[in-house]
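S.K.: The following file, work_14.cif, comprises mmCIF, C-alpha atoms:
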data_model
loop_
_atom_site.label_atom_id
_atom_site.label_comp_id
_atom_site.auth_asym_id
_atom_site.auth_seq_id
_atom_site.Cartn_x
_atom_site.Cartn_y
_atom_site.Cartn_z
CA MET A 1414 -2.10 -19.36 46.29
CA SER A 1415 -4.21 -17.20 48.52
CA ILE A 1416 -4.45 -13.57 49.53
CA LYS A 1417 -3.66 -13.06 53.22
CA PRO A 1418 -4.99 -10.26 55.43
CA LEU A 1419 -2.46 -7.49 56.07
CA ILE A 1420 -1.41 -6.49 59.59
CA ILE A 1421 -2.08 -2.75 60.01
CA LEU A 1422 -0.53 -0.20 62.38
CA PRO A 1423 -0.83 0.00 65.45
CA ASP A 1424 -0.81 -3.84 65.70
CA PRO A 1425 2.20 -4.73 67.92
CA VAL A 1426 2.97 -7.72 65.64
CA LEU A 1427 4.65 -5.20 63.30
CA ARG A 1428 7.27 -4.51 66.00
CA GLN A 1429 8.29 -8.18 66.36
CA VAL A 1430 11.75 -9.21 65.21
CA SER A 1431 11.37 -12.05 62.70
CA LYS A 1432 13.17 -15.36 63.20
CA PRO A 1433 15.53 -16.83 60.59
CA VAL A 1434 14.14 -19.39 58.16
CA GLU A 1435 15.70 -22.74 59.00
CA ARG A 1436 14.59 -24.74 55.97
CA VAL A 1437 13.68 -23.81 52.42
CA ASP A 1438 10.93 -26.23 51.43
CA ALA A 1439 7.59 -26.44 49.62
CA ASP A 1440 5.73 -24.82 52.55
CA LEU A 1441 8.07 -21.83 52.51
CA ASN A 1442 7.71 -21.46 48.74
CA LYS A 1443 3.90 -21.60 49.11
CA LEU A 1444 4.16 -18.83 51.72
CA ALA A 1445 6.28 -16.79 49.28
CA ASP A 1446 3.65 -17.33 46.55
CA ASP A 1447 0.86 -16.26 48.94
CA MET A 1448 2.88 -13.17 49.84
CA LEU A 1449 3.38 -12.27 46.17
CA GLU A 1450 -0.34 -12.68 45.48
CA THR A 1451 -1.18 -10.56 48.55
CA MET A 1452 1.32 -7.88 47.49
CA TYR A 1453 -0.01 -7.77 43.89
CA ASP A 1454 -3.59 -7.56 45.16
CA ALA A 1455 -2.86 -4.65 47.56
CA PRO A 1456 -1.17 -3.38 45.22
CA GLY A 1457 2.39 -2.95 46.43
CA ILE A 1458 6.01 -3.50 45.39
CA GLY A 1459 7.30 -5.23 48.52
CA LEU A 1460 6.02 -7.31 51.42
CA ALA A 1461 7.66 -8.86 54.49
CA ALA A 1462 6.20 -12.03 56.03
CA ILE A 1463 5.58 -10.22 59.34
CA GLN A 1464 3.06 -8.00 57.49
CA ILE A 1465 0.81 -11.05 57.15
CA GLY A 1466 1.51 -12.14 60.73
CA VAL A 1467 4.34 -14.61 60.02
CA PRO A 1468 7.48 -13.66 61.99
CA ARG A 1469 9.99 -15.28 59.60
CA ARG A 1470 12.84 -13.61 57.70
CA LEU A 1471 11.20 -13.73 54.29
CA LEU A 1472 10.32 -10.91 51.92
CA VAL A 1473 9.13 -10.48 48.36
CA ILE A 1474 9.66 -7.60 45.93
CA ASP A 1475 8.49 -6.88 42.41
CA LEU A 1476 9.33 -3.50 40.88
CA ALA A 1477 7.73 -4.19 37.47
CA LYS A 1478 5.50 -1.31 36.43
CA GLU A 1479 1.85 -1.77 35.56
CA GLY A 1480 1.53 -3.40 32.15
CA GLU A 1481 5.00 -5.00 32.35
CA SER A 1482 5.59 -8.69 32.97
CA PRO A 1483 5.98 -9.46 36.68
CA GLU A 1484 9.56 -9.82 37.96
CA PRO A 1485 9.09 -11.35 41.41
CA HIS A 1486 12.09 -11.58 43.74
CA VAL A 1487 12.06 -13.76 46.87
CA PHE A 1488 14.62 -13.05 49.61
CA ILE A 1489 15.05 -15.59 52.42
CA ASN A 1490 17.11 -14.52 55.47
CA PRO A 1491 18.25 -11.31 53.73
CA GLU A 1492 21.11 -9.43 55.30
CA ILE A 1493 22.66 -6.10 54.34
CA LEU A 1494 26.42 -6.61 53.97
CA GLU A 1495 27.33 -3.12 52.87
CA SER A 1496 25.63 0.28 52.54
CA ALA A 1497 26.82 3.20 50.42
CA ASP A 1498 27.81 6.48 52.06
CA GLN A 1499 25.86 8.29 49.33
CA ARG A 1500 22.23 8.90 50.33
CA SER A 1501 19.01 9.07 48.36
CA VAL A 1502 15.50 10.18 49.23
CA TYR A 1503 12.35 8.38 48.11
CA GLU A 1504 8.74 8.93 49.02
CA GLU A 1505 7.87 5.71 50.81
CA GLY A 1506 4.56 4.13 51.67
CA CYS A 1507 3.70 0.87 53.37
CA LEU A 1508 0.90 -1.66 52.97
CA SER A 1509 0.71 -1.82 56.79
CA ILE A 1510 0.29 1.99 57.01
CA PRO A 1511 -2.27 2.55 54.23
CA ASP A 1512 -2.55 5.91 52.48
CA TYR A 1513 0.38 7.52 54.30
CA TYR A 1514 3.55 8.54 52.45
CA ALA A 1515 6.68 10.36 53.58
CA GLU A 1516 10.12 11.14 52.20
CA VAL A 1517 12.76 8.89 53.75
CA GLU A 1518 16.51 9.21 53.34
CA ARG A 1519 18.48 5.95 53.12
CA PRO A 1520 21.76 4.71 51.64
CA ALA A 1521 21.58 4.97 47.82
CA SER A 1522 22.86 1.42 47.32
CA VAL A 1523 23.27 -1.76 49.36
CA ARG A 1524 24.87 -5.17 48.94
CA VAL A 1525 22.60 -7.91 50.27
CA LYS A 1526 23.11 -11.63 50.80
CA TYR A 1527 20.14 -13.98 50.95
CA LEU A 1528 18.88 -17.44 50.08
CA ASP A 1529 16.81 -17.85 46.92
CA ARG A 1530 13.73 -20.09 46.53
CA ASP A 1531 16.03 -23.09 45.98
CA GLY A 1532 17.95 -22.42 49.21
CA LYS A 1533 21.05 -21.26 47.30
CA LEU A 1534 23.11 -18.41 48.75
CA GLN A 1535 22.96 -15.29 46.56
CA GLU A 1536 24.29 -11.74 46.66
CA MET A 1537 22.78 -8.68 45.04
CA GLN A 1538 24.13 -5.18 44.58
CA ALA A 1539 21.03 -2.99 44.59
CA GLU A 1540 20.64 0.69 43.72
CA GLY A 1541 17.79 3.14 43.41
CA LEU A 1542 14.30 1.88 44.15
CA MET A 1543 15.44 -1.74 44.68
CA ALA A 1544 17.93 -0.58 47.35
CA THR A 1545 15.23 1.48 49.07
CA CYS A 1546 12.70 -1.35 48.89
CA LEU A 1547 15.16 -3.92 50.28
CA GLN A 1548 16.04 -1.63 53.19
CA HIS A 1549 12.35 -0.93 53.89
CA GLU A 1550 11.42 -4.65 53.89
CA ILE A 1551 14.50 -5.75 55.89
CA ASP A 1552 13.55 -3.07 58.43
CA HIS A 1553 10.18 -4.86 58.77
CA LEU A 1554 12.01 -8.09 59.62
CA ASN A 1555 13.71 -6.19 62.45
CA GLY A 1556 10.49 -4.63 63.80
CA VAL A 1557 11.28 -1.23 62.27
CA LEU A 1558 8.75 0.79 60.23
CA PHE A 1559 9.50 3.48 57.66
CA ILE A 1560 7.87 6.04 59.96
CA ASP A 1561 10.75 5.40 62.39
CA HIS A 1562 12.93 7.27 59.86
CA ILE A 1563 10.85 10.48 59.93
CA SER A 1564 10.57 13.17 62.61
CA LYS A 1565 9.13 12.18 65.98
CA LEU A 1566 6.35 14.77 65.58
CA LYS A 1567 5.17 13.33 62.24
CA ARG A 1568 5.56 9.74 63.49
CA ASP A 1569 3.51 10.45 66.62
CA MET A 1570 0.74 12.02 64.50
CA VAL A 1571 0.60 8.95 62.23
CA VAL A 1572 0.55 6.51 65.15
CA ARG A 1573 -2.23 8.49 66.88
CA LYS A 1574 -4.29 8.50 63.68
CA PHE A 1575 -3.99 4.72 63.24
CA LYS A 1576 -4.70 4.04 66.93
CA LYS A 1577 -7.89 6.09 66.60
CA LEU A 1578 -8.87 4.25 63.40
CA ALA A 1579 -8.28 0.89 65.12
CA LYS A 1580 -10.34 1.98 68.15
CA ASP A 1581 -13.17 3.19 65.90
CA LYS A 1582 -13.24 -0.23 64.18
CA ALA A 1583 -13.23 -2.17 67.45
CA PRO A 1584 -16.06 -4.73 67.83
CA GLY A 1585 -19.15 -3.38 69.55
CA LYS A 1586 -18.33 0.21 68.63
CA MET A 1587 -21.19 2.03 66.93
CA VAL A 1588 -20.07 3.79 63.80
CA GLY A 1589 -22.53 6.29 62.44
#
Just give me the structure as structure tokens.
M.R.:
Amino acid sequence: MSIKPLIILPDPVLRQVSKPVERVDADLNKLADDMLETMYDAPGIGLAAIQIGVPRRLLVIDLAKEGESPEPHVFINPEILESADQRSVYEEGCLSIPDYYAEVERPASVRVKYLDRDGKLQEMQAEGLMATCLQHEIDHLNGVLFIDHISKLKRDMVVRKFKKLAKDKAPGKMVG
């Protein structure tokens, strides 16, 4: 397993729509393991493959709290089948938008179908934080970021800030 570099806003890779996984094999499971290690190192609770520059419909989630045993979940080709009418609000953050958090309203529960690490079709009814996390990560697979769910004014401010940070870090730029 290895820790992969994270793609950070404003990198246009984050806006790519990920392609379906065609085969669940050892290489895909190694990628899932690398993603889990990268997510734990960050630290985070969810990671989509596109966030490490791999445009495939694969995401990992682990909601175990610090000090608890890890409970990693791997979702291959996840798809939301059903969303609740009831809404919930969580303060969301993103490993690709470091140190920025905002309240986002989403459906309170979702039913998701996906393939597991063995390539078997599964369904999950998710509520609370798991529902929010699944929606956030599936958004990534569709080129959507959590900041797309906040006001245009706030989103534009965040994007400007990250564009400036990226420009300031550009090669050849003197930073004093």
S.K.: Given the file shown, determine the residues that the PyMOL selection byres ((chain A and resi 1505) around 8) selects; report them as a count of residues only.
M.R.: 9
S.K.: List the neighbours of stretch 1488-1501 of chain A out to 7 Å using only C-alpha atoms; skip same-chain residues closer than 3 positions along the sequence, and give me the result as a ChimeraX atom specification.
M.R.: /A:1433-1434,1470-1473,1518-1529
S.K.: Just checking: using only C-alpha atoms, which residue out of A:Lys1565, A:Arg1530, A:His1553, A:Lys1582 ends up closest to A:Leu1427?
M.R.: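 Residue with the minimum atom-to-atom distance to A:Leu1427: A:His1553.
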S.K.: Could you tell me, as a PyMOL selection string, exactly which residues end up selected when the PyMOL selection byres ((chain A and resi 1426) around 10) is applied to this structure?
M.R.: chain A and resi 1420-1425+1427-1431+1463-1468+1556
S.K.: Point out the residue among A:Cys1546, A:Val1502, A:Ala1539, A:Gly1532 with the least atom-to-atom distance to A:Ile1563, counting all atoms listed in the file.
M.R.: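 Closest to A:Ile1563 of all the choices is A:Val1502.
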S.K.: Please, what is the axis-aligned box for every listed atom of stretch 1521-1524 of chain A with 8 Å on each side, as centre and edge lengths in Å to one decimal, as AutoDock Vina command-line options?
M.R.:
--center_x 23.2 --center_y -0.1 --center_z 48.3 --size_x 19.3 --size_y 26.1 --size_z 18.0
S.K.: Enter the distance from atom CA of A:Ser1509 to atom CA of A:Leu1419, in Å, rounded to one decimal.
M.R.: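 Atom CA of A:Ser1509 sits 6.5 Å away from atom CA of A:Leu1419.
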S.K.: Which is closer to A:Leu1449 than all the others in A:Met1414, A:Ala1477, A:Ala1544, A:Leu1578, using all atoms listed in the file?
M.R.: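 Smallest separation from A:Leu1449 among the options: A:Met1414.
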S.K.: Could you tell me how far atom CA of A:Leu1566 sits from atom CA of A:Ile1551, in Å to one decimal place?
M.R.: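 Here the two named atoms are 24.1 Å from each other.
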S.K.: Fewer than 5 positions away in the same chain doesn't count, so skip those; otherwise give me all residues within 8 Å of A:Thr1451, counting all atoms listed in the file, as a list in words.
M.R.: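 So the residues in contact are Ser1415, Ile1416, Lys1417, Pro1418 and Pro1456 of chain A.
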S.K.: Any idea what the distance is between atom CA of A:Tyr1453 and atom CA of A:Lys1478?
M.R.: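 If I compute the distance from atom CA of A:Tyr1453 to atom CA of A:Lys1478, I get 11.3 Å.
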